[in-house]
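In what follows, a single structure is set out as structure tokens and then discussed.
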Amino acid sequence: MSGSVPAVQLEGITKRFPGVVANNRVALEVSPGEVHAIVGENGAGKSTLMKILYGMQRPDEGTIRVNGAEAHFRSPKDAIAAGIGMVHQHFMLADNLTVLENVVLGSEPTLGPVIDFARAKERIKKLSGSYGLPLNPDRLVEDLAVGERQRVEIIKVLYRGARILILDEPTAVLVPSEVDDLFDHLRELKQEGVTVIFISHKLEEVLVLADTITVMRAGRTVATVKPQDVSRRQLAELMVGSELPRPETKESTVRDEVAMSVTALTVRTPGGRVLLDSLSFDIRRGQVVGIAGVEGNGQRELVEAIMGLAPVIEGRIQLGDRDITHWPTRSRREAGIGYIPEDRQDMGLLLPSPLWENAMLGHQTKPPFARGPWIDVAGARDRTRQVVDGFRVATPGVDVPAYALSGGNQQKLIVGREMIAEPLVLIAAQPTRGIDVGAQAAVWDQIRRARKAGLGVLLISADLEELIGLSDALYVIFRGRLVAKLDPQTVTPQELGAYMTGARQEVMEG
Ligand SMILES: Nc1ncnc2c1ncn2[C@@H]1O[C@H](COP(=O)(O)OP(=O)(O)O)[C@@H](O)[C@H]1O
Ligand SMILES: [Mg+2]
């Protein structure tokens with residue numbers, strides 16, 4: 001879009017509140033038809049900047065240009081007239097009215113003095129069709145799920161003729177499947193030429209969705225970057241303004257003894273389709289073995305085979321010198337396999353149950369959780385306190401339900417629970433997915449400690465930086481086969497990517 005006039009151009013925007021400069025000479029340029037993300041920690045000044053652009057607040061200094069023309073908005077009305085719409089962090093719909101009524105409120109097409117609802121409904125249907133935003137105009141807003149309410153807000157803004165759409169933390173209130181839908185809708189809007197300004201502090205989201213990313217910190221814009229030019233780490237560092245702890249491990253702790261050995265492991269569907277094709281690898285004590293791959297290439301099946309969660313299989317799985325290929329899951333855990341499941345909320349935790357019950361999941365048959373056939377509640381609560389203290393789980397106590405914890409603290413609880421049982425092998429599936437950078441650093445730290453203590457670790461992750469940083473040996477899985485063994489010291493993310501997409505393959509012996 002070189003040479004085109006920016007859809008939005010902010011220069012020198014300053015906004016002071018008593019005791020704080022919310023925006024400090026902020027500059028922002030948004031190209032027409034792009035998805036432009038604004039990221040920053042809480043309090044960085046994102047919402048203030050957008051309220052200024054939407055005419056809700058007046059800047060103390062600075063200029064606003066929309067499609068090249070200088071604007072002086074006195075209220076959102078002026079911004080709307082200039083083609084700008086905003087969906088707020090907290091929805092502003094009337095629950096007891098229908099979708100149709102909510103959308104037309106304040107901007108009814110009139111038929112003389114009467115609102116022409118039939119025409120309005122037609123327009124809504126047309127908008128929802130052409131932008132791929134399914135909505136039933138006759139439903140009551142109070143009956144809608146959060147994702148649907150958000151859709152109503154978006155349609156409402158489009159109905160008023162917006163071509164520049166501002167969304168303030170739209171994913172904060174959504175569940176993952178709703179986030180996927182929203183992103184589809186936003187891509188569709190972009191196709192239709194709408195300019196989208198998207199505020200978030202979730203870096204994964206921004207990296208997949210945005211064409212351009214502007215980072216704000218302490219009231220200033222500190223960088224504008226393209227997602228393909230930065231890693232999640234670099235973005236996080238721009239956001240917080242300092243270097244984050246790195247995942248790299250230092251000197252090797254790999255010993256000779258094999259902790260786990262997988263030989264010619266093959267898994268098929270009941271119908272006979274091959275899911276894992278003759279995988280062989282060893283995990284030595286003190287070694288982190290990483291598995292890279294695009295999701296859905298057999299990672300899940302590999303973990304399930306090792307944990308005894310899926311009926312296998314041909315081939316052999318050994319823990320130390322014991323053949324555990326056909327053991328039940330519980331026996332495997334008791335024999336010394338720790339497990340950080342990919343889906344912590346489903347597989348790793350009982351969300352409604354207190355932490356002390358969660359801290360014994362998978363270990364409930366052994367002391368300190370059991371005395372003979374009985375659960376030892378006092379022992380369990382003591383042990384849970386050890387996990388909470390030792391692994392810095394932020395919680396008001398061990399009796400609160402697991403759902404009361406943040407994702408990062410839930411994960412620290414799981415990691416603590418598994419590590420405190422002193423396993424021989426740790427299976428870590430996507431151990432830092434979706435958790436904040438602080439919790440991520442804590443989990444990395446635990447994996448390094450496990451390695452140093454002589455555990456064998458199998459690390460399955462979609463985070464290439466994490467894999468490269470933590471692994472001592474790195475395999476790539478592609479369509480159920482290990483297609484490369486790479487040296488994490490020298491491999492580049494580009495090289496890894498080539499193997500992950502199947503563009504390159506290596507002949508693997510074994
Ligand atoms: N109406 C207001 N009155 C006083 N201070 C405000 C007001 N709005 C925002 N602030 C302050 O301005 C700073 C930036 O806030 P905000 O723009 O909401 O940040 P973000 O959206 O990035 O979390 C914060 O320190 C916040 O407390
Ligand atoms: Mg905000």
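Quick note on naming: the chains in the structure tokens go A, B, ... in the order shown, residues restart at 1 in each chain, and ligands are numbered from 1 in order of appearance.
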- Tell me which protein, DNA and RNA residues are within 8 Å of range 231-234 of chain A, counting only C-alpha atoms, leaving out same-chain ones fewer than 4 positions away, and put them as a count of residues only. 6
- Task: Output as a PyMOL selection string all residues of range 328-359 of chain A that backbone DSSP marks as helix (DSSP H, G or I).
- Result: chain A and resi 329-334+344-348+355-358
Just-selected residues, N, CA and C atoms written as a CSV table (one decimal), in the first residue's frame:
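Heads up, here's the output in again_9.csv:
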chain,number,residue,atom,x,y,z
A,329,THR,N,-1.8,-46.8,32.8
A,329,THR,CA,-1.3,-45.5,33.1
A,329,THR,C,-0.8,-45.3,34.6
A,330,ARG,N,-1.7,-45.8,35.5
A,330,ARG,CA,-1.3,-45.6,36.9
A,330,ARG,C,0.0,-46.2,37.3
A,331,SER,N,0.2,-47.4,36.7
A,331,SER,CA,1.5,-48.1,37.0
A,331,SER,C,2.7,-47.4,36.5
A,332,ARG,N,2.5,-46.8,35.3
A,332,ARG,CA,3.6,-46.0,34.7
A,332,ARG,C,3.9,-44.8,35.6
A,333,ARG,N,2.9,-44.1,36.0
A,333,ARG,CA,3.1,-43.0,36.9
A,333,ARG,C,3.8,-43.4,38.1
A,334,GLU,N,3.4,-44.5,38.7
A,334,GLU,CA,4.0,-45.0,40.0
A,334,GLU,C,5.4,-45.4,39.8
A,344,ARG,N,-4.2,-28.6,30.3
A,344,ARG,CA,-4.1,-28.7,31.7
A,344,ARG,C,-5.5,-28.6,32.4
A,345,GLN,N,-6.5,-27.9,31.7
A,345,GLN,CA,-7.7,-27.7,32.4
A,345,GLN,C,-8.6,-29.0,32.3
A,346,ASP,N,-8.3,-29.8,31.3
A,346,ASP,CA,-9.1,-31.0,31.1
A,346,ASP,C,-8.5,-32.2,31.7
A,347,MET,N,-7.2,-32.3,31.4
A,347,MET,CA,-6.5,-33.6,31.8
A,347,MET,C,-5.7,-33.4,33.1
A,348,GLY,N,-5.3,-32.1,33.3
A,348,GLY,CA,-4.3,-31.9,34.4
A,348,GLY,C,-4.9,-31.6,35.7
A,355,LEU,N,-7.4,-27.2,45.8
A,355,LEU,CA,-6.0,-27.4,45.3
A,355,LEU,C,-5.4,-28.7,45.9
A,356,TRP,N,-5.8,-29.0,47.2
A,356,TRP,CA,-5.2,-30.2,47.8
A,356,TRP,C,-5.6,-31.5,47.1
A,357,GLU,N,-6.8,-31.5,46.5
A,357,GLU,CA,-7.2,-32.7,45.8
A,357,GLU,C,-6.4,-32.7,44.4
A,358,ASN,N,-6.3,-31.5,43.9
A,358,ASN,CA,-5.6,-31.4,42.6
A,358,ASN,C,-4.1,-31.8,42.8
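For the choices A:Leu167, A:Leu140, A:Leu93, A:Ile213, the atom-to-atom distance to ligand 2 is smallest for A:Leu167 when using only C-alpha atoms and all ligand atoms.
Minimum atom-to-atom distances from A:Thr253, A:Asn24, A:Gln386, A:Gln89 to Gly45 in chain A were compared using only C-alpha atoms, and the lowest value belongs to A:Asn24.
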- Message: 7 Å from ligand 2 is the threshold here; counting only C-alpha atoms and all ligand atoms, which polymer residues fall inside it? Answer as a PyMOL selection string.
- Response: chain A and resi 42-43+45-47+168
Can you spit out the residues from that selection as a PDB file, in the first residue's frame, using C-alpha atoms?
ATOM      1  CA  ASN A  42      -1.951  -2.772  31.722  1.00  0.00           C
ATOM      2  CA  GLY A  43      -1.805   0.977  32.119  1.00  0.00           C
ATOM      3  CA  GLY A  45      -2.155   3.972  27.657  1.00  0.00           C
ATOM      4  CA  LYS A  46      -3.823   1.894  24.931  1.00  0.00           C
ATOM      5  CA  SER A  47      -7.445   2.541  25.866  1.00  0.00           C
ATOM      6  CA  ASP A 168     -10.402  -2.792  22.845  1.00  0.00           C
TER       7      ASP A 168
END
- Task: Identify, counting only C-alpha atoms and all ligand atoms, the protein, DNA and RNA residues located within 12 Å of ligand 1, and give them as a ChimeraX atom specification.
- Result: /A:14-24,38-52,56-58,88-89,167-169,198-201,215-221,239
Take the residues that were just selected and, keeping C-alpha atoms, output them as a PDB file, in the first residue's frame.
ATOM      1  CA  THR A  14      -0.440  13.794  24.897  1.00  0.00           C
ATOM      2  CA  LYS A  15      -3.112  13.183  27.516  1.00  0.00           C
ATOM      3  CA  ARG A  16      -2.559  13.969  31.185  1.00  0.00           C
ATOM      4  CA  PHE A  17      -4.663  12.803  34.093  1.00  0.00           C
ATOM      5  CA  PRO A  18      -4.001  13.976  37.652  1.00  0.00           C
ATOM      6  CA  GLY A  19      -0.697  12.388  38.585  1.00  0.00           C
ATOM      7  CA  VAL A  20      -0.177  10.431  35.350  1.00  0.00           C
ATOM      8  CA  VAL A  21       0.662  11.086  31.724  1.00  0.00           C
ATOM      9  CA  ALA A  22      -1.523   8.453  30.072  1.00  0.00           C
ATOM     10  CA  ASN A  23      -0.280   9.294  26.577  1.00  0.00           C
ATOM     11  CA  ASN A  24       3.052  10.990  26.071  1.00  0.00           C
ATOM     12  CA  ILE A  38      -1.641  -2.209  19.736  1.00  0.00           C
ATOM     13  CA  VAL A  39      -0.014  -4.139  22.542  1.00  0.00           C
ATOM     14  CA  GLY A  40       1.196  -3.091  25.942  1.00  0.00           C
ATOM     15  CA  GLU A  41       0.939  -3.944  29.589  1.00  0.00           C
ATOM     16  CA  ASN A  42      -1.951  -2.772  31.722  1.00  0.00           C
ATOM     17  CA  GLY A  43      -1.805   0.977  32.119  1.00  0.00           C
ATOM     18  CA  ALA A  44       0.388   1.527  29.063  1.00  0.00           C
ATOM     19  CA  GLY A  45      -2.155   3.972  27.657  1.00  0.00           C
ATOM     20  CA  LYS A  46      -3.823   1.894  24.931  1.00  0.00           C
ATOM     21  CA  SER A  47      -7.445   2.541  25.866  1.00  0.00           C
ATOM     22  CA  THR A  48      -6.815   6.238  26.393  1.00  0.00           C
ATOM     23  CA  LEU A  49      -5.309   6.563  22.940  1.00  0.00           C
ATOM     24  CA  MET A  50      -8.262   4.807  21.357  1.00  0.00           C
ATOM     25  CA  LYS A  51     -10.789   6.880  23.308  1.00  0.00           C
ATOM     26  CA  ILE A  52      -9.061   9.945  21.927  1.00  0.00           C
ATOM     27  CA  MET A  56     -14.521  10.171  23.863  1.00  0.00           C
ATOM     28  CA  GLN A  57     -11.609  12.117  25.251  1.00  0.00           C
ATOM     29  CA  ARG A  58      -9.851  15.244  24.076  1.00  0.00           C
ATOM     30  CA  HIS A  88     -15.363  -1.316  24.118  1.00  0.00           C
ATOM     31  CA  GLN A  89     -13.832  -3.652  26.634  1.00  0.00           C
ATOM     32  CA  LEU A 167     -11.643  -3.236  19.273  1.00  0.00           C
ATOM     33  CA  ASP A 168     -10.402  -2.792  22.845  1.00  0.00           C
ATOM     34  CA  GLU A 169      -9.203  -6.121  24.286  1.00  0.00           C
ATOM     35  CA  PHE A 198      -7.016  -4.341  17.681  1.00  0.00           C
ATOM     36  CA  ILE A 199      -5.879  -3.866  21.272  1.00  0.00           C
ATOM     37  CA  SER A 200      -4.479  -6.804  23.173  1.00  0.00           C
ATOM     38  CA  HIS A 201      -1.858  -7.817  25.639  1.00  0.00           C
ATOM     39  CA  VAL A 215       3.968  -1.536  21.153  1.00  0.00           C
ATOM     40  CA  MET A 216       3.093   0.939  23.907  1.00  0.00           C
ATOM     41  CA  ARG A 217       4.891   1.270  27.185  1.00  0.00           C
ATOM     42  CA  ALA A 218       4.280   3.786  29.957  1.00  0.00           C
ATOM     43  CA  GLY A 219       2.289   6.125  27.748  1.00  0.00           C
ATOM     44  CA  ARG A 220       4.613   6.076  24.745  1.00  0.00           C
ATOM     45  CA  THR A 221       4.742   4.157  21.505  1.00  0.00           C
ATOM     46  CA  MET A 239       6.411  -4.405  26.246  1.00  0.00           C
TER      47      MET A 239
END
- Write out as a PyMOL selection string which residues come within 8 Å of Leu133 in chain A when counting only C-alpha atoms, dropping same-chain ones fewer than 6 positions away. chain A and resi 127+151+155+185
Just write the chosen residues, C-alpha atoms, as a JSON list (two decimals), in the first residue's frame.
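The resulting file, again_36.json, is reproduced below:
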[["chain", "number", "residue", "atom", "x", "y", "z"],
["A", 127, "LEU", "CA", -24.20, -6.65, 6.71],
["A", 151, "ARG", "CA", -20.77, -9.70, 17.13],
["A", 155, "ILE", "CA", -22.50, -5.07, 13.51],
["A", 185, "HIS", "CA", -14.63, -12.36, 11.26]]
- Tyr339 in chain A surroundings by only C-alpha atoms, 9 Å radius, close-in-sequence under 3 positions cut, as a ChimeraX atom specification: /A:307,333,348,414-415,418,425-429
Keeping only C-alpha atoms, write the selected residues to a file as an mmCIF file, in the first residue's frame.
data_model
loop_
_atom_site.group_PDB
_atom_site.id
_atom_site.type_symbol
_atom_site.label_atom_id
_atom_site.label_comp_id
_atom_site.auth_asym_id
_atom_site.auth_seq_id
_atom_site.Cartn_x
_atom_site.Cartn_y
_atom_site.Cartn_z
ATOM 1 C CA MET A 307 1.363 -42.494 29.124
ATOM 2 C CA ARG A 333 3.128 -42.978 36.876
ATOM 3 C CA GLY A 348 -4.291 -31.935 34.381
ATOM 4 C CA ILE A 414 0.845 -29.166 37.975
ATOM 5 C CA VAL A 415 4.582 -28.878 37.465
ATOM 6 C CA GLU A 418 4.780 -33.842 39.188
ATOM 7 C CA VAL A 425 11.161 -39.137 33.387
ATOM 8 C CA LEU A 426 9.078 -36.029 32.812
ATOM 9 C CA ILE A 427 6.746 -35.814 29.822
ATOM 10 C CA ALA A 428 6.058 -32.122 29.222
ATOM 11 C CA ALA A 429 3.474 -31.380 26.534
#
- Contacts of Val104 in chain A within 12 Å, only C-alpha atoms, excl. fewer than 4 positions in-chain, as a list in words: Leu93, Ala94, Leu97, Thr98, Val99, Leu100, Glu108, Pro109, Thr110, Ile115, Asp116, Phe117, Ala118, Arg119, Ala120, Lys121, Glu122, Arg123, Ile124, Pro137, Val152, Glu153, Ile155, Lys156, Val157, Leu158, Tyr159 and Arg160 of chain A
If you count only C-alpha atoms, which residues fall within 12 Å of Pro270 in chain A, apart from same-chain ones fewer than 3 positions away, as a PDB file with C-alpha atoms, in the first residue's frame?
ATOM      1  CA  VAL A 267       0.262 -46.635  16.496  1.00  0.00           C
ATOM      2  CA  ARG A 273      -4.454 -45.922   9.473  1.00  0.00           C
ATOM      3  CA  VAL A 274      -0.914 -45.324  10.710  1.00  0.00           C
ATOM      4  CA  LEU A 275      -0.662 -42.465  13.212  1.00  0.00           C
ATOM      5  CA  ALA A 310      -4.264 -44.975  23.980  1.00  0.00           C
ATOM      6  CA  PRO A 311      -4.404 -48.638  23.105  1.00  0.00           C
ATOM      7  CA  VAL A 312      -1.196 -49.255  21.365  1.00  0.00           C
ATOM      8  CA  ILE A 313       0.728 -50.285  19.458  1.00  0.00           C
TER       9      ILE A 313
END
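Reported to one decimal place, the separation of CA of Arg383 in chain A from CA of Ala370 in chain A is 11.7 Å.
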Sorted by chain and rising residue number, which residues of range 105-187 of chain A lie within 12 Å of range 26-36 of chain A, and what are their closest atom pairs and distances in Å to one decimal, counting only C-alpha atoms, as a Markdown table?
| residue | atom | partner | partner_atom | distance |
| --- | --- | --- | --- | --- |
| A:Arg163 | CA | A:Gly33 | CA | 8.8 |
| A:Ile164 | CA | A:Pro32 | CA | 8.4 |
| A:Leu165 | CA | A:Val35 | CA | 9.5 |
| A:Ile166 | CA | A:His36 | CA | 9.5 |
| A:Leu167 | CA | A:His36 | CA | 10.4 |
| A:Phe183 | CA | A:Val35 | CA | 10.5 |
| A:His185 | CA | A:Val35 | CA | 11.8 |
| A:Leu186 | CA | A:Val35 | CA | 8.1 |
| A:Arg187 | CA | A:Val35 | CA | 8.2 |
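You can rank A:Lys125, A:Arg65, A:Arg149, A:Arg139 by their closest distance to Met92 in chain A using only C-alpha atoms, and at the top of that list sits A:Arg149.
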- Message: Using only C-alpha atoms, can you tell me which of A:Arg371, A:Gly480, A:Ala503, A:Val173 comes closest to Leu276 in chain A?
- Response: A:Gly480
- Item | Surrounding residues of Arg504 in chain A excluding itself and chain neighbours under 5 positions, 10 Å, only C-alpha atoms, as an MDAnalysis selection string | chainID A and resid 483:484 495:499
So that I have them on file, write out the residues from the current selection with C-alpha atoms, as a compact mmCIF listing (two decimals), in the first residue's frame.
# COMPACT_ATOMS: atom_id res chain seq x y z
CA VAL A 483 12.09 -36.93 9.96
CA ALA A 484 15.14 -35.23 11.45
CA GLU A 495 15.77 -24.88 9.26
CA LEU A 496 13.39 -26.34 11.81
CA GLY A 497 10.49 -24.86 9.88
CA ALA A 498 11.64 -26.52 6.67
CA TYR A 499 11.56 -29.93 8.34
- Running DSSP on the backbone, which parts of range 223-460 of chain A land in strand (DSSP E), as a ChimeraX atom specification? /A:223-225,258-268,274-284,288-292,314-319,322-323,337-340,370-371,374-375,425-429,456-460
